[in-house]
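Visitor: Quick one: this structure, given as structure tokens, is what I'll be asking you about.
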Protein chains: 2
Amino acid sequence: MLSKAQIKHIQSLQQKKYRQKYGQFMAEGDKIVQELLQAGLVQEVYATADWLEEQHALVATLPAAKVHEVEPQLLKQLSALTTPNRAMALLPIPPAKATGDLSGTIALALETIQDPGNLGTIIRIADWFGIPQVICSPDCVDAYNPKTIQATMGSIARVQVVEHDIIPLLHQANVPAYAATLQGKNIVEFSPIKEGIILIGNESRGLSQPVIDLCKYRITIPRLGGAESLNAAVATGIICGRLLLN
Amino acid sequence: MLSKAQIKHIQSLQQKKYRQKYGQFMAEGDKIVQELLQAGLVQEVYATADWLEEQHALVATLPAAKVHEVEPQLLKQLSALTTPNRAMALLPIPPAKATGDLSGTIALALETIQDPGNLGTIIRIADWFGIPQVICSPDCVDAYNPKTIQATMGSIARVQVVEHDIIPLLHQANVPAYAATLQGKNIVEFSPIKEGIILIGNESRGLSQPVIDLCKYRITIPRLGGAESLNAAVATGIICGRLLLN
């Protein structure tokens with residue numbers, strides 16, 4: 001049985017200001033909650049009786065007081081998503097980190113990505129390609145938004161998300177920067193890379209000119225048909241698929 | 001001023017059965033409606049006074065009786081989306097076509113894609129890469145779902161979407177088929193292709209085994225990190241980015 005205060009607390013985590021105030025975020029969904037439990041990141045679990053039964057071995061890794069059986073109806077009320085799930089977890093927001101020395105590694109840097117689904121999908125792409133770090137400009141959508149977390153499909157447990165201004169990042173970086181633009185060099189002319197920052201811009205405006213100007217390379221995915229642009233996450237995937245595979 | 005019957009008709013187009021009954025679908029959003037008007041596909045426009053003013057040259061391509069100025073409040077009521085727009089268009093669903101002779105062309109074939117955003121994003125990828133045709137198994141989400149149309153960003157005007165069973169398609173096809181799977185040949189080992197069907201499967205289960213068995217090639221995007229899978233549209237983009245660019 002949850003108290004009114006507990007219900008109010010969980011619902012408040014749908015808003016960034018309360019996530020920041022409490023240093024906590026929520027993740028929803030059967031598989032995501034499983035992955036986060038496996039990663040040992042979960043503080044509290046709220047789930048239906050049948051889910052807790054199915055996952056009892058995993059759930060047993062938490063103290064009993066942190067495991068809450070809730071009715072599907074109440075879970076729906078707690079959910080930030082339109083399609084509610086059988087399980088929800090609360091997790092601590094990791095402490096802000098510096099981007100660190102990037103030599104020998106790949107990082108993705110995102111300027112003003114606005115759609116939570118795109119950000120989550122990009123974090124999932126980073127995880128697939130073994131990219132340890134996604135750097136977000138402060139005006140990106142919040143990485144701990146429930147829709148972003150949902151779209152990461154658990155990858156938030158393995159990829160470090162860092163908030164950092166892009167211009168100083170590029171000034172400090174000791175690896176080459178690759179800007180995704182519509183007026184760059186054809187991506188097929190690039191050889192696979194071992195280190196670098198791949199920069200992806202806003203969904204409708206792309207990267208800002210000052211950011212493009214600071215990048216050593218400008219990459220373009222050639223357009224063979226009529227679409228004006230590609231989805232930002234799809235463009236990220238295509239670039240990683242060419243620059244990181246060999 | 002719209003009649004109650006008009007309002008009811010437009011709202012009914014949010015459901016597949018009414019789209020099929022009336023042979024009509026709705027598209028929402030400033031840029032999408034502009035593109036569809038340019039393509040000469042629009043039957044009716046419903047938009048705010050300021051949008052009609054801004055786009056008067058384009059709007060003038062329609063008979064005045066087909067252009068409806070509506071209050072933002074009413075447009076919101078008509079909208080299928082949570083973020084309503086300033087313009088909406090009604091368009092005819094194109095007549096069902098046969099897939100035709102595929103020699104010398106690329107087609108995408110989708111088995112049981114369930115998410116409307118993914119389907120729309122894949123249609124947009126097809127448009128970017130100049131792929132004329134996206135073939136959907138009958139159990140894919142409807143291509144004329146308002147969320148799919150939104151995600152195509154206007155590409156629905158340029159890409160032919162065909163509903164067809166996948167197994168007979170593969171039996172009839174006169175070009176090689178490439179199945180996206182987790183247990184195939186590394187995508188970097190493929191040379192760019194000039195013709196073929198690229199097959200993408202369901203978001204959680206991938207392609208079914210009978211479909212994989214009928215494909216000449218099995219392609220895998222190598223996983224370098226921890227994610228269990230990639231988003232279906234991202235995987236489509238990565239495969240197109242490797243197989244279609246040279």
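Going through the structure tokens in order, the chains are called A, B, and so on, while each chain numbers its residues from 1 and the ligands are numbered from 1 in the order shown.
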Can you tell me which residues surround Gln24 of chain A at a distance of at most 8 Å, considering only C-alpha atoms, apart from same-chain residues fewer than 6 positions away, and format the answer as JSON, numbers by chain?
Guide: {"A": [13, 90, 91, 92, 93]}
Visitor: Selected residues, N, CA, C and O atoms, written as a JSON list (two decimals), in the first residue's frame, please.
Guide:
```json
[["chain", "number", "residue", "atom", "x", "y", "z"],
["A", 13, "LEU", "N", 8.26, 13.08, -10.34],
["A", 13, "LEU", "CA", 9.48, 12.79, -11.12],
["A", 13, "LEU", "C", 9.25, 12.87, -12.62],
["A", 13, "LEU", "O", 10.18, 12.74, -13.41],
["A", 90, "LEU", "N", 12.65, 3.37, -9.58],
["A", 90, "LEU", "CA", 13.22, 4.68, -9.29],
["A", 90, "LEU", "C", 14.74, 4.51, -9.14],
["A", 90, "LEU", "O", 15.19, 3.54, -8.52],
["A", 91, "LEU", "N", 15.46, 5.44, -9.74],
["A", 91, "LEU", "CA", 16.92, 5.34, -9.76],
["A", 91, "LEU", "C", 17.55, 6.68, -9.45],
["A", 91, "LEU", "O", 16.96, 7.72, -9.76],
["A", 92, "PRO", "N", 18.77, 6.68, -8.92],
["A", 92, "PRO", "CA", 19.46, 7.95, -8.67],
["A", 92, "PRO", "C", 20.03, 8.52, -9.98],
["A", 92, "PRO", "O", 20.54, 7.76, -10.81],
["A", 93, "ILE", "N", 19.92, 9.81, -10.15],
["A", 93, "ILE", "CA", 20.60, 10.46, -11.29],
["A", 93, "ILE", "C", 22.10, 10.43, -10.98],
["A", 93, "ILE", "O", 22.51, 10.88, -9.92]]
```
Visitor: Using only C-alpha atoms, I'd like every residue of chain A that has an atom within 9 Å of chain B; please write them out as a VMD selection string.
Guide: chain A and resid 121 124 to 132 151 153 to 155 158 187 to 189 221 to 231 233 to 242 245 to 246
Visitor: Would you superpose chain B on chain A, least squares on all C-alpha atoms in order, and hand back the fitted chain as a PDB file with C-alpha atoms, in the first residue's frame?
Guide:
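Result file is result.pdb:
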```
ATOM      1  CA  MET B   1      -0.034   0.010  -0.045  1.00  0.00           C
ATOM      2  CA  LEU B   2       1.462   3.326  -1.070  1.00  0.00           C
ATOM      3  CA  SER B   3       0.929   6.492   0.911  1.00  0.00           C
ATOM      4  CA  LYS B   4      -0.363   9.635  -0.776  1.00  0.00           C
ATOM      5  CA  ALA B   5       3.070  11.183  -0.244  1.00  0.00           C
ATOM      6  CA  GLN B   6       4.774   8.297  -2.095  1.00  0.00           C
ATOM      7  CA  ILE B   7       2.344   8.581  -5.003  1.00  0.00           C
ATOM      8  CA  LYS B   8       2.891  12.321  -5.159  1.00  0.00           C
ATOM      9  CA  HIS B   9       6.674  11.860  -5.032  1.00  0.00           C
ATOM     10  CA  ILE B  10       6.694   9.394  -7.941  1.00  0.00           C
ATOM     11  CA  GLN B  11       4.406  11.530 -10.061  1.00  0.00           C
ATOM     12  CA  SER B  12       6.580  14.570  -9.372  1.00  0.00           C
ATOM     13  CA  LEU B  13       9.500  12.787 -11.089  1.00  0.00           C
ATOM     14  CA  GLN B  14       7.766  13.362 -14.417  1.00  0.00           C
ATOM     15  CA  GLN B  15       9.000  16.960 -14.110  1.00  0.00           C
ATOM     16  CA  LYS B  16      12.655  17.913 -14.488  1.00  0.00           C
ATOM     17  CA  LYS B  17      12.680  20.304 -11.519  1.00  0.00           C
ATOM     18  CA  TYR B  18      11.648  17.522  -9.133  1.00  0.00           C
ATOM     19  CA  ARG B  19      14.060  15.026 -10.705  1.00  0.00           C
ATOM     20  CA  GLN B  20      16.810  17.536 -10.006  1.00  0.00           C
ATOM     21  CA  LYS B  21      15.514  18.341  -6.512  1.00  0.00           C
ATOM     22  CA  TYR B  22      15.432  14.675  -5.466  1.00  0.00           C
ATOM     23  CA  GLY B  23      18.336  13.508  -7.680  1.00  0.00           C
ATOM     24  CA  GLN B  24      16.116  10.678  -8.864  1.00  0.00           C
ATOM     25  CA  PHE B  25      14.386   9.507 -12.039  1.00  0.00           C
ATOM     26  CA  MET B  26      11.870   6.866 -13.051  1.00  0.00           C
ATOM     27  CA  ALA B  27      12.153   4.094 -15.634  1.00  0.00           C
ATOM     28  CA  GLU B  28       9.180   2.118 -16.859  1.00  0.00           C
ATOM     29  CA  GLY B  29       8.772  -1.154 -18.674  1.00  0.00           C
ATOM     30  CA  ASP B  30       9.349  -4.839 -18.184  1.00  0.00           C
ATOM     31  CA  LYS B  31      12.703  -5.201 -19.972  1.00  0.00           C
ATOM     32  CA  ILE B  32      14.145  -1.844 -18.930  1.00  0.00           C
ATOM     33  CA  VAL B  33      13.459  -2.469 -15.259  1.00  0.00           C
ATOM     34  CA  GLN B  34      15.003  -5.942 -15.583  1.00  0.00           C
ATOM     35  CA  GLU B  35      18.164  -4.503 -17.153  1.00  0.00           C
ATOM     36  CA  LEU B  36      18.450  -1.779 -14.551  1.00  0.00           C
ATOM     37  CA  LEU B  37      18.021  -4.323 -11.738  1.00  0.00           C
ATOM     38  CA  GLN B  38      20.735  -6.482 -13.309  1.00  0.00           C
ATOM     39  CA  ALA B  39      22.983  -3.439 -13.449  1.00  0.00           C
ATOM     40  CA  GLY B  40      22.408  -2.885  -9.719  1.00  0.00           C
ATOM     41  CA  LEU B  41      21.157   0.648 -10.257  1.00  0.00           C
ATOM     42  CA  VAL B  42      17.620   0.477  -8.876  1.00  0.00           C
ATOM     43  CA  GLN B  43      16.563   2.117  -5.602  1.00  0.00           C
ATOM     44  CA  GLU B  44      12.875   1.154  -5.551  1.00  0.00           C
ATOM     45  CA  VAL B  45      10.638  -1.088  -7.653  1.00  0.00           C
ATOM     46  CA  TYR B  46       6.886  -0.666  -8.140  1.00  0.00           C
ATOM     47  CA  ALA B  47       5.313  -3.542 -10.044  1.00  0.00           C
ATOM     48  CA  THR B  48       2.279  -5.756 -10.396  1.00  0.00           C
ATOM     49  CA  ALA B  49       2.077  -9.005  -8.401  1.00  0.00           C
ATOM     50  CA  ASP B  50       2.538 -11.159 -11.520  1.00  0.00           C
ATOM     51  CA  TRP B  51       5.651  -9.253 -12.638  1.00  0.00           C
ATOM     52  CA  LEU B  52       7.225  -9.520  -9.170  1.00  0.00           C
ATOM     53  CA  GLU B  53       6.471 -13.249  -9.231  1.00  0.00           C
ATOM     54  CA  GLU B  54       8.061 -13.727 -12.667  1.00  0.00           C
ATOM     55  CA  GLN B  55      11.155 -11.704 -11.728  1.00  0.00           C
ATOM     56  CA  HIS B  56      11.500 -12.852  -8.138  1.00  0.00           C
ATOM     57  CA  ALA B  57      15.190 -13.788  -8.443  1.00  0.00           C
ATOM     58  CA  LEU B  58      16.097 -10.358  -9.756  1.00  0.00           C
ATOM     59  CA  VAL B  59      13.806  -8.552  -7.360  1.00  0.00           C
ATOM     60  CA  ALA B  60      15.390 -10.420  -4.436  1.00  0.00           C
ATOM     61  CA  THR B  61      18.578  -8.414  -5.052  1.00  0.00           C
ATOM     62  CA  LEU B  62      16.758  -5.451  -3.446  1.00  0.00           C
ATOM     63  CA  PRO B  63      15.828  -5.100   0.244  1.00  0.00           C
ATOM     64  CA  ALA B  64      12.164  -6.107   0.721  1.00  0.00           C
ATOM     65  CA  ALA B  65      11.256  -2.596   1.877  1.00  0.00           C
ATOM     66  CA  LYS B  66      12.264  -1.292  -1.550  1.00  0.00           C
ATOM     67  CA  VAL B  67       9.922  -3.600  -3.458  1.00  0.00           C
ATOM     68  CA  HIS B  68       6.322  -2.432  -3.790  1.00  0.00           C
ATOM     69  CA  GLU B  69       3.501  -4.523  -5.167  1.00  0.00           C
ATOM     70  CA  VAL B  70       0.944  -2.239  -6.795  1.00  0.00           C
ATOM     71  CA  GLU B  71      -2.329  -2.736  -8.616  1.00  0.00           C
ATOM     72  CA  PRO B  72      -2.231  -2.189 -12.412  1.00  0.00           C
ATOM     73  CA  GLN B  73      -4.675   0.674 -11.937  1.00  0.00           C
ATOM     74  CA  LEU B  74      -2.308   2.501  -9.576  1.00  0.00           C
ATOM     75  CA  LEU B  75       0.710   1.809 -11.795  1.00  0.00           C
ATOM     76  CA  LYS B  76      -1.178   3.462 -14.633  1.00  0.00           C
ATOM     77  CA  GLN B  77      -1.766   6.462 -12.406  1.00  0.00           C
ATOM     78  CA  LEU B  78       1.959   6.675 -11.597  1.00  0.00           C
ATOM     79  CA  SER B  79       3.015   6.246 -15.224  1.00  0.00           C
ATOM     80  CA  ALA B  80       4.300   9.048 -17.414  1.00  0.00           C
ATOM     81  CA  LEU B  81       3.565   7.014 -20.540  1.00  0.00           C
ATOM     82  CA  THR B  82       0.352   6.544 -22.433  1.00  0.00           C
ATOM     83  CA  THR B  83       0.869   2.764 -22.599  1.00  0.00           C
ATOM     84  CA  PRO B  84       1.496   1.817 -19.011  1.00  0.00           C
ATOM     85  CA  ASN B  85       3.701  -1.083 -18.030  1.00  0.00           C
ATOM     86  CA  ARG B  86       3.797  -3.749 -15.361  1.00  0.00           C
ATOM     87  CA  ALA B  87       6.922  -2.436 -13.670  1.00  0.00           C
ATOM     88  CA  MET B  88       8.515   0.861 -12.746  1.00  0.00           C
ATOM     89  CA  ALA B  89      11.812   1.627 -11.025  1.00  0.00           C
ATOM     90  CA  LEU B  90      13.233   4.682  -9.288  1.00  0.00           C
ATOM     91  CA  LEU B  91      16.944   5.310  -9.745  1.00  0.00           C
ATOM     92  CA  PRO B  92      19.483   7.920  -8.660  1.00  0.00           C
ATOM     93  CA  ILE B  93      20.631  10.434 -11.270  1.00  0.00           C
ATOM     94  CA  PRO B  94      24.379   9.775 -11.574  1.00  0.00           C
ATOM     95  CA  PRO B  95      26.597  12.646 -10.398  1.00  0.00           C
ATOM     96  CA  ALA B  96      27.584  15.094 -13.136  1.00  0.00           C
ATOM     97  CA  LYS B  97      30.962  14.142 -14.558  1.00  0.00           C
ATOM     98  CA  ALA B  98      33.542  15.950 -16.606  1.00  0.00           C
ATOM     99  CA  THR B  99      33.890  14.665 -20.162  1.00  0.00           C
ATOM    100  CA  GLY B 100      37.478  13.664 -19.372  1.00  0.00           C
ATOM    101  CA  ASP B 101      40.264  12.740 -21.747  1.00  0.00           C
ATOM    102  CA  LEU B 102      38.695  11.583 -25.003  1.00  0.00           C
ATOM    103  CA  SER B 103      41.847  10.220 -26.659  1.00  0.00           C
ATOM    104  CA  GLY B 104      41.349   6.739 -28.068  1.00  0.00           C
ATOM    105  CA  THR B 105      37.574   6.946 -27.606  1.00  0.00           C
ATOM    106  CA  ILE B 106      34.485   7.925 -29.553  1.00  0.00           C
ATOM    107  CA  ALA B 107      31.940  10.357 -28.096  1.00  0.00           C
ATOM    108  CA  LEU B 108      28.637  11.609 -29.447  1.00  0.00           C
ATOM    109  CA  ALA B 109      27.858  15.283 -28.809  1.00  0.00           C
ATOM    110  CA  LEU B 110      24.324  16.584 -29.290  1.00  0.00           C
ATOM    111  CA  GLU B 111      23.355  20.208 -29.801  1.00  0.00           C
ATOM    112  CA  THR B 112      19.764  21.143 -28.900  1.00  0.00           C
ATOM    113  CA  ILE B 113      18.141  17.760 -29.506  1.00  0.00           C
ATOM    114  CA  GLN B 114      14.515  18.425 -28.526  1.00  0.00           C
ATOM    115  CA  ASP B 115      12.649  15.154 -28.914  1.00  0.00           C
ATOM    116  CA  PRO B 116      12.919  12.769 -25.938  1.00  0.00           C
ATOM    117  CA  GLY B 117      12.438   9.743 -28.207  1.00  0.00           C
ATOM    118  CA  ASN B 118      15.319  10.862 -30.418  1.00  0.00           C
ATOM    119  CA  LEU B 119      17.640  11.392 -27.446  1.00  0.00           C
ATOM    120  CA  GLY B 120      16.784   7.975 -25.999  1.00  0.00           C
ATOM    121  CA  THR B 121      17.253   6.299 -29.382  1.00  0.00           C
ATOM    122  CA  ILE B 122      20.658   8.003 -29.782  1.00  0.00           C
ATOM    123  CA  ILE B 123      21.738   6.740 -26.336  1.00  0.00           C
ATOM    124  CA  ARG B 124      20.682   3.243 -27.475  1.00  0.00           C
ATOM    125  CA  ILE B 125      22.764   3.657 -30.685  1.00  0.00           C
ATOM    126  CA  ALA B 126      25.765   4.727 -28.567  1.00  0.00           C
ATOM    127  CA  ASP B 127      25.335   1.583 -26.466  1.00  0.00           C
ATOM    128  CA  TRP B 128      25.111  -0.655 -29.566  1.00  0.00           C
ATOM    129  CA  PHE B 129      28.332   0.794 -31.015  1.00  0.00           C
ATOM    130  CA  GLY B 130      30.190   0.753 -27.692  1.00  0.00           C
ATOM    131  CA  ILE B 131      30.359   4.546 -27.437  1.00  0.00           C
ATOM    132  CA  PRO B 132      30.882   5.209 -23.722  1.00  0.00           C
ATOM    133  CA  GLN B 133      29.669   8.791 -23.582  1.00  0.00           C
ATOM    134  CA  VAL B 134      26.901  11.020 -24.963  1.00  0.00           C
ATOM    135  CA  ILE B 135      27.510  14.720 -24.342  1.00  0.00           C
ATOM    136  CA  CYS B 136      24.378  16.899 -24.408  1.00  0.00           C
ATOM    137  CA  SER B 137      24.276  20.679 -24.719  1.00  0.00           C
ATOM    138  CA  PRO B 138      22.379  22.177 -21.761  1.00  0.00           C
ATOM    139  CA  ASP B 139      19.413  22.990 -24.017  1.00  0.00           C
ATOM    140  CA  CYS B 140      18.882  19.371 -25.059  1.00  0.00           C
ATOM    141  CA  VAL B 141      15.764  17.644 -23.720  1.00  0.00           C
ATOM    142  CA  ASP B 142      16.489  16.116 -20.293  1.00  0.00           C
ATOM    143  CA  ALA B 143      18.047  12.656 -20.541  1.00  0.00           C
ATOM    144  CA  TYR B 144      16.060  11.566 -17.469  1.00  0.00           C
ATOM    145  CA  ASN B 145      12.702  12.456 -19.032  1.00  0.00           C
ATOM    146  CA  PRO B 146      10.545   9.276 -18.759  1.00  0.00           C
ATOM    147  CA  LYS B 147      10.087   9.174 -22.555  1.00  0.00           C
ATOM    148  CA  THR B 148      13.853   9.395 -23.098  1.00  0.00           C
ATOM    149  CA  ILE B 149      14.480   6.609 -20.590  1.00  0.00           C
ATOM    150  CA  GLN B 150      11.828   4.470 -22.298  1.00  0.00           C
ATOM    151  CA  ALA B 151      13.485   4.974 -25.712  1.00  0.00           C
ATOM    152  CA  THR B 152      16.942   4.005 -24.367  1.00  0.00           C
ATOM    153  CA  MET B 153      15.572   0.493 -23.773  1.00  0.00           C
ATOM    154  CA  GLY B 154      17.941   0.065 -20.809  1.00  0.00           C
ATOM    155  CA  SER B 155      21.010   1.583 -22.461  1.00  0.00           C
ATOM    156  CA  ILE B 156      20.928   4.405 -19.916  1.00  0.00           C
ATOM    157  CA  ALA B 157      22.512   1.845 -17.570  1.00  0.00           C
ATOM    158  CA  ARG B 158      25.611   1.530 -19.763  1.00  0.00           C
ATOM    159  CA  VAL B 159      26.120   4.900 -21.453  1.00  0.00           C
ATOM    160  CA  GLN B 160      27.313   7.956 -19.555  1.00  0.00           C
ATOM    161  CA  VAL B 161      25.268  11.039 -20.350  1.00  0.00           C
ATOM    162  CA  VAL B 162      27.118  14.275 -19.650  1.00  0.00           C
ATOM    163  CA  GLU B 163      25.753  17.815 -19.894  1.00  0.00           C
ATOM    164  CA  HIS B 164      28.315  20.228 -21.331  1.00  0.00           C
ATOM    165  CA  ASP B 165      28.400  23.349 -23.503  1.00  0.00           C
ATOM    166  CA  ILE B 166      29.490  22.335 -27.004  1.00  0.00           C
ATOM    167  CA  ILE B 167      31.782  25.280 -27.881  1.00  0.00           C
ATOM    168  CA  PRO B 168      34.104  24.863 -24.830  1.00  0.00           C
ATOM    169  CA  LEU B 169      33.983  21.084 -25.369  1.00  0.00           C
ATOM    170  CA  LEU B 170      35.383  21.555 -28.871  1.00  0.00           C
ATOM    171  CA  HIS B 171      38.015  24.018 -27.641  1.00  0.00           C
ATOM    172  CA  GLN B 172      39.215  21.552 -25.000  1.00  0.00           C
ATOM    173  CA  ALA B 173      38.942  18.347 -27.039  1.00  0.00           C
ATOM    174  CA  ASN B 174      42.124  16.456 -27.899  1.00  0.00           C
ATOM    175  CA  VAL B 175      40.440  14.385 -30.636  1.00  0.00           C
ATOM    176  CA  PRO B 176      39.042  15.438 -34.040  1.00  0.00           C
ATOM    177  CA  ALA B 177      35.428  16.564 -34.301  1.00  0.00           C
ATOM    178  CA  TYR B 178      33.058  15.400 -37.068  1.00  0.00           C
ATOM    179  CA  ALA B 179      30.042  17.632 -37.734  1.00  0.00           C
ATOM    180  CA  ALA B 180      26.950  16.100 -39.347  1.00  0.00           C
ATOM    181  CA  THR B 181      25.778  18.698 -41.872  1.00  0.00           C
ATOM    182  CA  LEU B 182      23.961  18.933 -45.190  1.00  0.00           C
ATOM    183  CA  GLN B 183      26.947  20.671 -46.859  1.00  0.00           C
ATOM    184  CA  GLY B 184      29.914  18.483 -45.973  1.00  0.00           C
ATOM    185  CA  LYS B 185      32.051  15.792 -47.518  1.00  0.00           C
ATOM    186  CA  ASN B 186      30.313  12.604 -48.630  1.00  0.00           C
ATOM    187  CA  ILE B 187      30.393  10.082 -45.798  1.00  0.00           C
ATOM    188  CA  VAL B 188      31.626   7.325 -48.120  1.00  0.00           C
ATOM    189  CA  GLU B 189      34.928   9.202 -48.449  1.00  0.00           C
ATOM    190  CA  PHE B 190      35.729   8.780 -44.743  1.00  0.00           C
ATOM    191  CA  SER B 191      37.696   5.799 -43.435  1.00  0.00           C
ATOM    192  CA  PRO B 192      36.639   4.222 -40.135  1.00  0.00           C
ATOM    193  CA  ILE B 193      37.884   6.165 -37.117  1.00  0.00           C
ATOM    194  CA  LYS B 194      39.233   5.103 -33.731  1.00  0.00           C
ATOM    195  CA  GLU B 195      38.747   8.352 -31.859  1.00  0.00           C
ATOM    196  CA  GLY B 196      36.710  11.498 -32.246  1.00  0.00           C
ATOM    197  CA  ILE B 197      33.597  13.427 -31.348  1.00  0.00           C
ATOM    198  CA  ILE B 198      30.628  12.995 -33.674  1.00  0.00           C
ATOM    199  CA  LEU B 199      28.341  16.026 -33.507  1.00  0.00           C
ATOM    200  CA  ILE B 200      24.617  15.894 -34.259  1.00  0.00           C
ATOM    201  CA  GLY B 201      22.413  18.987 -34.326  1.00  0.00           C
ATOM    202  CA  ASN B 202      18.855  20.016 -33.678  1.00  0.00           C
ATOM    203  CA  GLU B 203      16.015  18.169 -35.453  1.00  0.00           C
ATOM    204  CA  SER B 204      14.992  21.070 -37.658  1.00  0.00           C
ATOM    205  CA  ARG B 205      17.976  23.444 -37.723  1.00  0.00           C
ATOM    206  CA  GLY B 206      20.907  21.016 -37.534  1.00  0.00           C
ATOM    207  CA  LEU B 207      24.179  22.153 -35.930  1.00  0.00           C
ATOM    208  CA  SER B 208      24.773  25.872 -35.377  1.00  0.00           C
ATOM    209  CA  GLN B 209      27.376  27.561 -37.587  1.00  0.00           C
ATOM    210  CA  PRO B 210      29.825  28.345 -34.717  1.00  0.00           C
ATOM    211  CA  VAL B 211      29.861  24.631 -33.834  1.00  0.00           C
ATOM    212  CA  ILE B 212      30.345  23.571 -37.472  1.00  0.00           C
ATOM    213  CA  ASP B 213      33.193  26.083 -37.804  1.00  0.00           C
ATOM    214  CA  LEU B 214      35.048  24.503 -34.878  1.00  0.00           C
ATOM    215  CA  CYS B 215      34.874  20.967 -36.285  1.00  0.00           C
ATOM    216  CA  LYS B 216      37.794  19.546 -38.240  1.00  0.00           C
ATOM    217  CA  TYR B 217      35.507  17.502 -40.533  1.00  0.00           C
ATOM    218  CA  ARG B 218      32.026  18.076 -41.990  1.00  0.00           C
ATOM    219  CA  ILE B 219      30.179  14.882 -42.937  1.00  0.00           C
ATOM    220  CA  THR B 220      27.173  14.550 -45.202  1.00  0.00           C
ATOM    221  CA  ILE B 221      24.988  11.536 -45.856  1.00  0.00           C
ATOM    222  CA  PRO B 222      24.273  11.921 -49.582  1.00  0.00           C
ATOM    223  CA  ARG B 223      20.625  12.316 -50.479  1.00  0.00           C
ATOM    224  CA  LEU B 224      19.526  10.106 -53.356  1.00  0.00           C
ATOM    225  CA  GLY B 225      15.797  10.943 -53.229  1.00  0.00           C
ATOM    226  CA  GLY B 226      13.354  13.660 -52.268  1.00  0.00           C
ATOM    227  CA  ALA B 227      13.273  13.902 -48.444  1.00  0.00           C
ATOM    228  CA  GLU B 228      14.443  17.240 -47.039  1.00  0.00           C
ATOM    229  CA  SER B 229      16.199  15.654 -44.081  1.00  0.00           C
ATOM    230  CA  LEU B 230      16.624  12.497 -42.038  1.00  0.00           C
ATOM    231  CA  ASN B 231      15.455  11.896 -38.483  1.00  0.00           C
ATOM    232  CA  ALA B 232      18.298  12.909 -36.112  1.00  0.00           C
ATOM    233  CA  ALA B 233      18.612   9.446 -34.560  1.00  0.00           C
ATOM    234  CA  VAL B 234      18.591   7.748 -37.968  1.00  0.00           C
ATOM    235  CA  ALA B 235      21.338  10.114 -39.182  1.00  0.00           C
ATOM    236  CA  THR B 236      23.369   9.294 -36.047  1.00  0.00           C
ATOM    237  CA  GLY B 237      22.963   5.589 -36.761  1.00  0.00           C
ATOM    238  CA  ILE B 238      24.003   5.919 -40.406  1.00  0.00           C
ATOM    239  CA  ILE B 239      27.104   7.940 -39.464  1.00  0.00           C
ATOM    240  CA  CYS B 240      28.107   5.435 -36.758  1.00  0.00           C
ATOM    241  CA  GLY B 241      27.454   2.593 -39.205  1.00  0.00           C
ATOM    242  CA  ARG B 242      29.991   4.093 -41.610  1.00  0.00           C
ATOM    243  CA  LEU B 243      32.603   5.652 -39.288  1.00  0.00           C
ATOM    244  CA  LEU B 244      32.783   2.981 -36.596  1.00  0.00           C
ATOM    245  CA  LEU B 245      32.544  -0.317 -38.477  1.00  0.00           C
ATOM    246  CA  ASN B 246      35.432  -1.879 -40.347  1.00  0.00           C
TER     247      ASN B 246
END
```
Visitor: How would you write, as a list in words, the set of residues in segment 103-201 of chain A that DSSP gives as alpha helix (DSSP H)?
Guide: Pro116, Gly117, Asn118, Leu119, Gly120, Thr121, Ile122, Ile123, Arg124, Ile125, Ala126, Asp127, Trp128, Pro146, Lys147, Thr148, Ile149, Gln150, Ala151, Thr152, Ile166, Ile167, Pro168, Leu169, Leu170, His171 and Gln172 of chain A
Visitor: Could you pull out the residues in segment 1-244 of chain B that DSSP calls strand (DSSP E) from the backbone, as a VMD selection string?
Guide: chain B and resid 24 to 28 44 to 47 67 to 69 87 to 92 106 to 110 133 to 136 160 to 163 177 to 186 196 to 200 217 to 220
